[in-house]
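Colleague: Here you go, input.cif (mmCIF, C-alpha atoms):
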```
data_upload
loop_
_atom_site.label_atom_id
_atom_site.label_comp_id
_atom_site.auth_asym_id
_atom_site.auth_seq_id
_atom_site.Cartn_x
_atom_site.Cartn_y
_atom_site.Cartn_z
CA MET A 228 0.68 -1.56 6.30
CA LYS A 229 -0.71 -4.36 8.56
CA GLN A 230 -4.29 -3.99 8.51
CA GLU A 231 -6.53 -6.47 10.22
CA SER A 232 -9.91 -6.49 11.90
CA THR A 233 -9.72 -6.54 15.68
CA ALA A 234 -10.38 -10.05 17.07
CA GLN A 235 -12.77 -10.92 19.88
CA GLU A 236 -9.99 -12.20 22.10
CA THR A 237 -8.61 -9.87 24.76
CA PRO A 238 -5.71 -7.94 23.19
CA PRO A 239 -2.28 -8.00 24.80
CA ALA A 240 -0.99 -5.07 26.80
CA SER A 241 -0.44 -2.20 24.38
CA PRO A 242 1.25 1.21 24.32
CA PRO A 243 -0.99 4.30 24.60
CA PRO A 244 -2.72 5.42 21.39
CA SER A 245 -0.83 7.68 19.01
CA PRO A 246 -1.77 11.38 19.07
CA PRO A 247 -4.48 12.42 16.58
CA ALA A 248 -3.16 12.42 13.03
CA GLN A 249 -2.86 15.57 10.96
CA ARG A 250 -5.42 14.62 8.37
CA PRO A 251 -4.87 15.43 4.68
CA ARG A 252 -8.11 16.75 3.24
CA ASP A 253 -9.73 16.17 -0.14
CA ALA A 254 -9.55 19.52 -1.97
CA SER A 255 -12.91 18.84 -3.62
CA ASP A 256 -14.54 18.08 -0.26
CA PRO A 257 -12.90 19.62 2.85
CA GLN A 258 -14.88 17.24 5.09
CA ALA A 259 -13.56 14.12 3.33
CA LEU A 260 -10.39 12.13 3.94
CA TRP A 261 -8.54 9.55 1.83
CA ILE A 262 -6.82 6.63 3.58
CA PHE A 263 -4.20 4.61 1.69
CA GLY A 264 -3.91 0.89 2.39
CA TYR A 265 -1.07 -1.27 1.08
CA GLY A 266 -1.33 -4.36 3.33
CA SER A 267 -4.45 -6.09 4.60
CA LEU A 268 -6.50 -2.92 4.08
CA VAL A 269 -6.53 -3.72 0.35
CA TRP A 270 -8.86 -6.69 0.97
CA ARG A 271 -10.30 -6.02 4.42
CA PRO A 272 -10.74 -2.36 5.37
CA ASP A 273 -13.45 -3.11 7.95
CA PHE A 274 -14.63 0.50 8.15
CA ALA A 275 -17.37 2.34 6.26
CA TYR A 276 -16.21 4.38 3.26
CA SER A 277 -17.78 6.34 0.39
CA ASP A 278 -15.39 5.55 -2.44
CA SER A 279 -12.30 3.45 -3.16
CA ARG A 280 -9.68 3.57 -5.88
CA VAL A 281 -6.80 1.30 -6.82
CA GLY A 282 -3.54 3.09 -7.47
CA PHE A 283 -0.04 3.73 -6.18
CA VAL A 284 2.25 6.03 -4.22
CA ARG A 285 5.71 6.98 -5.43
CA GLY A 286 8.87 7.26 -3.38
CA TYR A 287 8.14 4.21 -1.21
CA SER A 288 8.75 0.47 -1.41
CA ARG A 289 6.73 -2.16 0.47
CA ARG A 290 8.71 -4.41 2.82
CA PHE A 291 7.84 -7.28 5.17
CA TRP A 292 9.89 -5.67 7.91
CA GLN A 293 7.30 -5.12 10.66
CA GLY A 294 6.74 -7.72 13.36
CA ASP A 295 3.20 -8.67 14.34
CA THR A 296 2.42 -10.23 17.71
CA PHE A 297 -1.37 -9.95 17.48
CA HIS A 298 -2.98 -10.25 14.03
CA ARG A 299 -0.58 -12.66 12.31
CA GLY A 300 1.74 -13.83 15.08
CA SER A 301 2.29 -14.04 18.82
CA ASP A 302 4.72 -12.76 21.43
CA LYS A 303 6.76 -15.95 21.10
CA MET A 304 6.50 -16.14 17.31
CA PRO A 305 5.99 -12.71 15.71
CA GLY A 306 4.62 -12.73 12.19
CA ARG A 307 5.90 -10.55 9.35
CA VAL A 308 3.71 -7.83 7.84
CA VAL A 309 4.39 -4.88 5.56
CA THR A 310 5.46 -1.32 6.06
CA LEU A 311 6.66 1.41 3.69
CA LEU A 312 10.34 2.17 3.18
CA GLU A 313 11.34 5.53 1.73
CA ASP A 314 12.83 4.79 -1.67
CA HIS A 315 13.35 7.45 -4.32
CA GLU A 316 12.80 4.92 -7.11
CA GLY A 317 10.04 3.00 -5.31
CA CYS A 318 6.37 2.60 -6.21
CA THR A 319 3.82 0.85 -3.99
CA TRP A 320 0.38 -0.22 -5.19
CA GLY A 321 -2.64 -0.30 -2.92
CA VAL A 322 -6.15 1.05 -2.40
CA ALA A 323 -7.24 4.50 -1.25
CA TYR A 324 -10.55 4.78 0.60
CA GLN A 325 -12.52 8.00 0.87
CA VAL A 326 -14.36 8.61 4.14
CA GLN A 327 -16.80 11.48 4.64
CA GLY A 328 -18.72 13.09 7.48
CA GLU A 329 -19.13 10.76 10.45
CA GLN A 330 -17.16 8.09 8.60
CA VAL A 331 -13.97 10.10 9.17
CA SER A 332 -13.94 9.94 12.98
CA GLU A 333 -15.20 6.34 13.03
CA ALA A 334 -12.53 5.15 10.58
CA LEU A 335 -9.73 6.94 12.42
CA LYS A 336 -10.89 5.61 15.79
CA TYR A 337 -10.97 2.07 14.44
CA LEU A 338 -7.63 2.33 12.63
CA ASN A 339 -5.94 3.84 15.67
CA VAL A 340 -6.60 0.56 17.49
CA ARG A 341 -5.93 -1.74 14.54
CA GLU A 342 -2.83 -0.03 13.21
CA ALA A 343 -1.32 2.12 15.98
CA VAL A 344 -2.17 0.37 19.27
CA LEU A 345 -2.05 -3.25 18.08
CA GLY A 346 0.32 -2.73 15.16
CA GLY A 347 2.86 -0.08 16.15
CA TYR A 348 2.21 2.11 13.10
CA ASP A 349 2.38 5.91 12.84
CA THR A 350 0.54 8.09 10.34
CA LYS A 351 2.08 9.79 7.35
CA GLU A 352 0.72 11.91 4.50
CA VAL A 353 1.37 10.48 1.03
CA THR A 354 0.46 11.42 -2.52
CA PHE A 355 -1.76 8.78 -4.10
CA TYR A 356 -2.10 8.34 -7.87
CA PRO A 357 -5.34 6.60 -8.93
CA GLN A 358 -4.84 3.91 -11.55
CA ASP A 359 -7.51 5.37 -13.83
CA THR A 360 -6.58 9.05 -13.37
CA PRO A 361 -2.88 9.29 -12.41
CA ASP A 362 -2.85 12.90 -13.56
CA GLN A 363 -5.23 13.73 -10.68
CA PRO A 364 -3.28 12.75 -7.53
CA LEU A 365 -4.83 12.81 -4.07
CA LYS A 366 -3.41 13.50 -0.63
CA ALA A 367 -3.97 10.48 1.61
CA LEU A 368 -3.22 9.23 5.10
CA ALA A 369 -1.05 6.10 5.35
CA TYR A 370 -0.03 4.02 8.35
CA VAL A 371 3.72 3.36 8.37
CA ALA A 372 5.83 1.33 10.81
CA THR A 373 9.19 3.00 11.41
CA PRO A 374 12.37 1.48 12.90
CA GLN A 375 11.63 3.32 16.14
CA ASN A 376 8.61 1.19 17.06
CA PRO A 377 9.27 -1.85 19.32
CA GLY A 378 7.77 -4.33 16.86
CA TYR A 379 10.08 -3.42 14.00
CA LEU A 380 12.09 -6.41 12.74
CA GLY A 381 13.93 -4.85 9.82
CA PRO A 382 15.47 -6.50 6.76
CA ALA A 383 16.14 -10.20 6.33
CA PRO A 384 16.69 -12.50 3.35
CA GLU A 385 13.45 -13.33 1.55
CA GLU A 386 13.96 -17.02 2.36
CA ALA A 387 14.18 -16.25 6.08
CA ILE A 388 11.06 -14.07 5.88
CA ALA A 389 9.22 -16.88 4.08
CA THR A 390 10.21 -19.36 6.78
CA GLN A 391 8.91 -17.03 9.48
CA ILE A 392 5.64 -16.43 7.63
CA LEU A 393 5.04 -20.16 7.27
CA ALA A 394 5.48 -20.69 11.00
CA CYS A 395 3.24 -17.91 12.36
CA ARG A 396 -0.43 -17.45 13.13
CA GLY A 397 -2.33 -14.76 15.04
CA PHE A 398 -5.87 -13.78 16.02
CA SER A 399 -6.67 -12.71 12.43
CA GLY A 400 -5.37 -15.91 10.85
CA HIS A 401 -2.25 -17.47 9.42
CA ASN A 402 0.60 -15.24 8.26
CA LEU A 403 0.59 -17.15 4.96
CA GLU A 404 -2.95 -15.94 4.22
CA TYR A 405 -1.76 -12.35 4.59
CA LEU A 406 1.07 -12.94 2.10
CA LEU A 407 -1.07 -14.73 -0.49
CA ARG A 408 -3.96 -12.27 -0.36
CA LEU A 409 -1.54 -9.42 -0.94
CA ALA A 410 0.00 -11.29 -3.86
CA ASP A 411 -3.47 -11.89 -5.33
CA PHE A 412 -4.22 -8.17 -5.12
CA MET A 413 -1.04 -7.32 -7.00
CA GLN A 414 -1.96 -9.73 -9.80
CA LEU A 415 -5.33 -8.02 -10.14
CA CYS A 416 -3.60 -4.66 -10.58
CA GLY A 417 -2.06 -5.82 -13.85
CA PRO A 418 1.46 -6.20 -15.24
CA GLN A 419 2.33 -2.56 -14.54
CA ALA A 420 2.18 -3.29 -10.79
CA GLN A 421 5.52 -4.76 -9.73
CA ASP A 422 6.78 -5.74 -6.27
CA GLU A 423 9.98 -7.77 -6.48
CA HIS A 424 10.27 -8.16 -2.70
CA LEU A 425 6.76 -9.62 -2.42
CA ALA A 426 7.27 -11.87 -5.45
CA ALA A 427 10.55 -13.22 -4.06
CA ILE A 428 8.90 -14.16 -0.76
CA VAL A 429 6.00 -15.86 -2.57
CA ASP A 430 8.49 -17.83 -4.67
CA ALA A 431 10.40 -18.85 -1.55
CA VAL A 432 7.20 -19.99 0.13
CA GLY A 433 6.27 -22.03 -2.92
CA THR A 434 9.60 -23.82 -2.70
CA MET A 435 9.37 -24.46 1.04
CA LEU A 436 5.69 -25.26 1.51
CA PRO A 437 5.81 -28.98 0.60
CA CYS A 438 8.53 -29.39 3.23
CA PHE A 439 6.40 -27.81 5.93
CA CYS A 440 3.14 -29.67 5.38
CA PRO A 441 1.22 -31.74 2.81
CA ALA A 442 -0.79 -29.93 0.15
CA GLU A 443 -4.10 -30.60 1.94
CA GLN A 444 -2.83 -28.96 5.13
CA ALA A 445 -1.38 -26.05 3.13
CA LEU A 446 -4.77 -25.29 1.63
CA ALA A 447 -6.33 -25.37 5.10
CA LEU A 448 -3.99 -22.58 6.19
CA VAL A 449 -5.68 -20.10 3.89
#
```
Have the structure of the file written as structure tokens, please.
Modeller:
Amino acid sequence: MKQESTAQETPPASPPPSPPAQRPRDASDPQALWIFGYGSLVWRPDFAYSDSRVGFVRGYSRRFWQGDTFHRGSDKMPGRVVTLLEDHEGCTWGVAYQVQGEQVSEALKYLNVREAVLGGYDTKEVTFYPQDTPDQPLKALAYVATPQNPGYLGPAPEEAIATQILACRGFSGHNLEYLLRLADFMQLCGPQAQDEHLAAIVDAVGTMLPCFCPAEQALALV
């Protein structure tokens, strides 16, 4: 789920905002809402929240299939960011954030711009399983890019995705930073957190990076 803070530069022309999401509520607090992040939200939510938990959703796999012409790319060179693909055997790790009271409307207003207007994402209710208490799942709101949105790029070989990531930069930074920060998060989750698609792209980047630029320039990218 492409999740970046909005830059100071003037955004490109965008489609109208998505209609208000049907918000899943926390059963223990009807005024609270959980928001599941699986892309840049895991390291940069950029909205106020009351609680956060690392965990996973089942029935979805994370894929670098969404194009990004603002945060990590441009109109001429779209970057690659993640979305969720329905997958009966899939499991995607991320972070769920709880927002309460006034935080709810502020977070949704901010994310509507960041994810829907600038990113092309729609909202979807998912069941989130906290890492520490998987027997106590939570209903959460996730932002998912579907094939119907104009920025959707779809599948490609991991090597081709890696090449695209290495070539792209947007208002929020280089596409490579997005990839590596997500990979770092997965390592912190422990060995039980697996993402073969992400790992294959990281491996491909590691093979290609010396061909694209010297090590000193590579470090400057991130």
Colleague: Quick one: pull the distance between CA of Arg341 in chain A and CA of Pro272 in chain A, Å, one decimal.
Modeller: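 Between these atoms lies a distance of 10.4 Å.
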Colleague: Suppose a student applies the PyMOL selection byres ((chain A and resi 295) around 10) to this structure; what residues should they get, written as a list in words?
Modeller: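 Evaluating the PyMOL selection byres ((chain A and resi 295) around 10) on this file yields Lys229, Trp292, Gln293, Gly294, Thr296, Phe297, His298, Arg299, Gly300, Ser301, Asp302, Met304, Pro305, Gly306, Arg307, Val308, Val309, Leu345, Gly346, Gly347, Gly378, Tyr379, Leu380, Cys395, Arg396, Gly397 and Asn402 of chain A.
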Colleague: Figure out the distance between CA of Glu333 in chain A and CA of Leu312 in chain A, please, to one decimal in Å.
Modeller: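 Separating CA of Leu312 in chain A from CA of Glu333 in chain A is a distance of 27.7 Å.
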Colleague: Would you work out the distance separating CA of Lys351 in chain A from CA of Glu329 in chain A, expressed in Å to one decimal?
Modeller: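 Interatomic distance here is 21.5 Å.
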Colleague: Which residue, A:Asp430, A:Glu423, A:Glu404, A:Asp273, has the smallest gap to Tyr337 in chain A when you use all atoms listed in the file?
Modeller: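 For Tyr337 in chain A, the nearest of the given residues is A:Asp273.
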Colleague: Once you've located range 281-328 of chain A in the structure I gave, write it as a PDB file, in the first residue's frame, keeping N, CA and C atoms.
Modeller:
```pdb
ATOM      1  N   VAL A 281       2.326  -4.615  15.252  1.00  0.00           N
ATOM      2  CA  VAL A 281       2.848  -5.369  14.119  1.00  0.00           C
ATOM      3  C   VAL A 281       2.064  -6.666  14.012  1.00  0.00           C
ATOM      4  N   GLY A 282       1.780  -7.084  12.796  1.00  0.00           N
ATOM      5  CA  GLY A 282       1.039  -8.318  12.597  1.00  0.00           C
ATOM      6  C   GLY A 282       0.823  -8.600  11.125  1.00  0.00           C
ATOM      7  N   PHE A 283      -0.227  -9.325  10.795  1.00  0.00           N
ATOM      8  CA  PHE A 283      -0.410  -9.764   9.417  1.00  0.00           C
ATOM      9  C   PHE A 283      -1.890  -9.914   9.079  1.00  0.00           C
ATOM     10  N   VAL A 284      -2.166  -9.930   7.791  1.00  0.00           N
ATOM     11  CA  VAL A 284      -3.491 -10.271   7.278  1.00  0.00           C
ATOM     12  C   VAL A 284      -3.344 -11.527   6.428  1.00  0.00           C
ATOM     13  N   ARG A 285      -4.345 -12.366   6.451  1.00  0.00           N
ATOM     14  CA  ARG A 285      -4.341 -13.594   5.674  1.00  0.00           C
ATOM     15  C   ARG A 285      -5.211 -13.415   4.433  1.00  0.00           C
ATOM     16  N   GLY A 286      -4.901 -14.222   3.405  1.00  0.00           N
ATOM     17  CA  GLY A 286      -5.690 -14.193   2.189  1.00  0.00           C
ATOM     18  C   GLY A 286      -5.245 -13.148   1.179  1.00  0.00           C
ATOM     19  N   TYR A 287      -4.074 -12.522   1.449  1.00  0.00           N
ATOM     20  CA  TYR A 287      -3.540 -11.508   0.533  1.00  0.00           C
ATOM     21  C   TYR A 287      -2.029 -11.666   0.426  1.00  0.00           C
ATOM     22  N   SER A 288      -1.506 -11.385  -0.769  1.00  0.00           N
ATOM     23  CA  SER A 288      -0.070 -11.307  -0.983  1.00  0.00           C
ATOM     24  C   SER A 288       0.287  -9.897  -1.429  1.00  0.00           C
ATOM     25  N   ARG A 289       1.467  -9.420  -1.018  1.00  0.00           N
ATOM     26  CA  ARG A 289       1.940  -8.081  -1.374  1.00  0.00           C
ATOM     27  C   ARG A 289       2.669  -8.156  -2.718  1.00  0.00           C
ATOM     28  N   ARG A 290       2.340  -7.208  -3.612  1.00  0.00           N
ATOM     29  CA  ARG A 290       2.966  -7.193  -4.927  1.00  0.00           C
ATOM     30  C   ARG A 290       3.335  -5.765  -5.332  1.00  0.00           C
ATOM     31  N   PHE A 291       4.476  -5.615  -5.984  1.00  0.00           N
ATOM     32  CA  PHE A 291       4.901  -4.318  -6.531  1.00  0.00           C
ATOM     33  C   PHE A 291       4.255  -4.115  -7.903  1.00  0.00           C
ATOM     34  N   TRP A 292       2.950  -4.020  -7.906  1.00  0.00           N
ATOM     35  CA  TRP A 292       2.198  -3.962  -9.159  1.00  0.00           C
ATOM     36  C   TRP A 292       1.508  -2.624  -9.384  1.00  0.00           C
ATOM     37  N   GLN A 293       1.644  -1.679  -8.464  1.00  0.00           N
ATOM     38  CA  GLN A 293       1.007  -0.374  -8.632  1.00  0.00           C
ATOM     39  C   GLN A 293       2.027   0.658  -9.105  1.00  0.00           C
ATOM     40  N   GLY A 294       1.667   1.420 -10.113  1.00  0.00           N
ATOM     41  CA  GLY A 294       2.528   2.496 -10.577  1.00  0.00           C
ATOM     42  C   GLY A 294       2.386   3.728  -9.714  1.00  0.00           C
ATOM     43  N   ASP A 295       3.451   4.494  -9.611  1.00  0.00           N
ATOM     44  CA  ASP A 295       3.466   5.697  -8.778  1.00  0.00           C
ATOM     45  C   ASP A 295       4.106   6.837  -9.562  1.00  0.00           C
ATOM     46  N   THR A 296       3.310   7.843  -9.871  1.00  0.00           N
ATOM     47  CA  THR A 296       3.814   8.989 -10.634  1.00  0.00           C
ATOM     48  C   THR A 296       4.031  10.220  -9.760  1.00  0.00           C
ATOM     49  N   PHE A 297       3.897  10.075  -8.454  1.00  0.00           N
ATOM     50  CA  PHE A 297       4.063  11.224  -7.555  1.00  0.00           C
ATOM     51  C   PHE A 297       5.116  10.961  -6.485  1.00  0.00           C
ATOM     52  N   HIS A 298       4.853  10.016  -5.586  1.00  0.00           N
ATOM     53  CA  HIS A 298       5.741   9.801  -4.440  1.00  0.00           C
ATOM     54  C   HIS A 298       7.092   9.195  -4.822  1.00  0.00           C
ATOM     55  N   ARG A 299       7.091   8.196  -5.692  1.00  0.00           N
ATOM     56  CA  ARG A 299       8.321   7.463  -6.011  1.00  0.00           C
ATOM     57  C   ARG A 299       8.587   7.367  -7.512  1.00  0.00           C
ATOM     58  N   GLY A 300       7.953   8.228  -8.286  1.00  0.00           N
ATOM     59  CA  GLY A 300       8.164   8.229  -9.721  1.00  0.00           C
ATOM     60  C   GLY A 300       7.607   9.494 -10.330  1.00  0.00           C
ATOM     61  N   SER A 301       7.475   9.498 -11.640  1.00  0.00           N
ATOM     62  CA  SER A 301       6.964  10.660 -12.366  1.00  0.00           C
ATOM     63  C   SER A 301       6.068  10.175 -13.495  1.00  0.00           C
ATOM     64  N   ASP A 302       5.436  11.129 -14.184  1.00  0.00           N
ATOM     65  CA  ASP A 302       4.581  10.743 -15.310  1.00  0.00           C
ATOM     66  C   ASP A 302       5.376  10.004 -16.377  1.00  0.00           C
ATOM     67  N   LYS A 303       6.596  10.459 -16.620  1.00  0.00           N
ATOM     68  CA  LYS A 303       7.424   9.826 -17.655  1.00  0.00           C
ATOM     69  C   LYS A 303       8.050   8.524 -17.176  1.00  0.00           C
ATOM     70  N   MET A 304       8.324   8.442 -15.874  1.00  0.00           N
ATOM     71  CA  MET A 304       8.973   7.242 -15.324  1.00  0.00           C
ATOM     72  C   MET A 304       8.270   6.826 -14.034  1.00  0.00           C
ATOM     73  N   PRO A 305       7.142   6.132 -14.139  1.00  0.00           N
ATOM     74  CA  PRO A 305       6.415   5.707 -12.938  1.00  0.00           C
ATOM     75  C   PRO A 305       7.238   4.742 -12.087  1.00  0.00           C
ATOM     76  N   GLY A 306       7.196   4.964 -10.780  1.00  0.00           N
ATOM     77  CA  GLY A 306       7.831   4.021  -9.879  1.00  0.00           C
ATOM     78  C   GLY A 306       6.934   2.816  -9.646  1.00  0.00           C
ATOM     79  N   ARG A 307       7.432   1.871  -8.869  1.00  0.00           N
ATOM     80  CA  ARG A 307       6.677   0.663  -8.511  1.00  0.00           C
ATOM     81  C   ARG A 307       6.502   0.621  -6.999  1.00  0.00           C
ATOM     82  N   VAL A 308       5.237   0.541  -6.559  1.00  0.00           N
ATOM     83  CA  VAL A 308       4.933   0.430  -5.139  1.00  0.00           C
ATOM     84  C   VAL A 308       3.953  -0.727  -4.942  1.00  0.00           C
ATOM     85  N   VAL A 309       3.648  -1.035  -3.687  1.00  0.00           N
ATOM     86  CA  VAL A 309       2.927  -2.281  -3.413  1.00  0.00           C
ATOM     87  C   VAL A 309       1.416  -2.098  -3.325  1.00  0.00           C
ATOM     88  N   THR A 310       0.740  -3.180  -3.624  1.00  0.00           N
ATOM     89  CA  THR A 310      -0.680  -3.322  -3.386  1.00  0.00           C
ATOM     90  C   THR A 310      -0.914  -4.736  -2.862  1.00  0.00           C
ATOM     91  N   LEU A 311      -2.169  -5.054  -2.550  1.00  0.00           N
ATOM     92  CA  LEU A 311      -2.513  -6.389  -2.070  1.00  0.00           C
ATOM     93  C   LEU A 311      -3.238  -7.162  -3.165  1.00  0.00           C
ATOM     94  N   LEU A 312      -2.829  -8.390  -3.350  1.00  0.00           N
ATOM     95  CA  LEU A 312      -3.450  -9.300  -4.309  1.00  0.00           C
ATOM     96  C   LEU A 312      -4.167 -10.395  -3.529  1.00  0.00           C
ATOM     97  N   GLU A 313      -5.451 -10.613  -3.839  1.00  0.00           N
ATOM     98  CA  GLU A 313      -6.173 -11.691  -3.168  1.00  0.00           C
ATOM     99  C   GLU A 313      -5.505 -13.022  -3.484  1.00  0.00           C
ATOM    100  N   ASP A 314      -5.204 -13.765  -2.427  1.00  0.00           N
ATOM    101  CA  ASP A 314      -4.445 -15.005  -2.552  1.00  0.00           C
ATOM    102  C   ASP A 314      -4.822 -15.884  -1.374  1.00  0.00           C
ATOM    103  N   HIS A 315      -5.520 -16.966  -1.649  1.00  0.00           N
ATOM    104  CA  HIS A 315      -6.041 -17.825  -0.578  1.00  0.00           C
ATOM    105  C   HIS A 315      -4.944 -18.287   0.370  1.00  0.00           C
ATOM    106  N   GLU A 316      -3.751 -18.517  -0.159  1.00  0.00           N
ATOM    107  CA  GLU A 316      -2.641 -19.004   0.659  1.00  0.00           C
ATOM    108  C   GLU A 316      -1.740 -17.874   1.148  1.00  0.00           C
ATOM    109  N   GLY A 317      -2.067 -16.635   0.799  1.00  0.00           N
ATOM    110  CA  GLY A 317      -1.183 -15.515   1.095  1.00  0.00           C
ATOM    111  C   GLY A 317      -1.236 -15.036   2.535  1.00  0.00           C
ATOM    112  N   CYS A 318      -0.173 -14.325   2.923  1.00  0.00           N
ATOM    113  CA  CYS A 318      -0.074 -13.710   4.251  1.00  0.00           C
ATOM    114  C   CYS A 318       0.818 -12.480   4.111  1.00  0.00           C
ATOM    115  N   THR A 319       0.297 -11.327   4.482  1.00  0.00           N
ATOM    116  CA  THR A 319       1.054 -10.080   4.341  1.00  0.00           C
ATOM    117  C   THR A 319       1.253  -9.430   5.701  1.00  0.00           C
ATOM    118  N   TRP A 320       2.520  -9.158   6.034  1.00  0.00           N
ATOM    119  CA  TRP A 320       2.860  -8.518   7.296  1.00  0.00           C
ATOM    120  C   TRP A 320       2.864  -7.004   7.142  1.00  0.00           C
ATOM    121  N   GLY A 321       2.491  -6.332   8.234  1.00  0.00           N
ATOM    122  CA  GLY A 321       2.474  -4.876   8.231  1.00  0.00           C
ATOM    123  C   GLY A 321       2.231  -4.352   9.632  1.00  0.00           C
ATOM    124  N   VAL A 322       1.711  -3.154   9.710  1.00  0.00           N
ATOM    125  CA  VAL A 322       1.437  -2.496  10.991  1.00  0.00           C
ATOM    126  C   VAL A 322       0.008  -1.968  10.973  1.00  0.00           C
ATOM    127  N   ALA A 323      -0.714  -2.202  12.055  1.00  0.00           N
ATOM    128  CA  ALA A 323      -2.051  -1.627  12.228  1.00  0.00           C
ATOM    129  C   ALA A 323      -1.963  -0.488  13.234  1.00  0.00           C
ATOM    130  N   TYR A 324      -2.575   0.630  12.877  1.00  0.00           N
ATOM    131  CA  TYR A 324      -2.589   1.819  13.737  1.00  0.00           C
ATOM    132  C   TYR A 324      -4.014   2.075  14.221  1.00  0.00           C
ATOM    133  N   GLN A 325      -4.144   2.309  15.517  1.00  0.00           N
ATOM    134  CA  GLN A 325      -5.451   2.645  16.070  1.00  0.00           C
ATOM    135  C   GLN A 325      -5.591   4.160  16.180  1.00  0.00           C
ATOM    136  N   VAL A 326      -6.653   4.694  15.620  1.00  0.00           N
ATOM    137  CA  VAL A 326      -6.964   6.117  15.749  1.00  0.00           C
ATOM    138  C   VAL A 326      -8.277   6.251  16.503  1.00  0.00           C
ATOM    139  N   GLN A 327      -8.370   7.282  17.334  1.00  0.00           N
ATOM    140  CA  GLN A 327      -9.529   7.482  18.201  1.00  0.00           C
ATOM    141  C   GLN A 327      -9.994   8.927  18.136  1.00  0.00           C
ATOM    142  N   GLY A 328     -11.275   9.140  18.410  1.00  0.00           N
ATOM    143  CA  GLY A 328     -11.808  10.498  18.511  1.00  0.00           C
ATOM    144  C   GLY A 328     -11.528  11.331  17.273  1.00  0.00           C
TER     145      GLY A 328
END
```
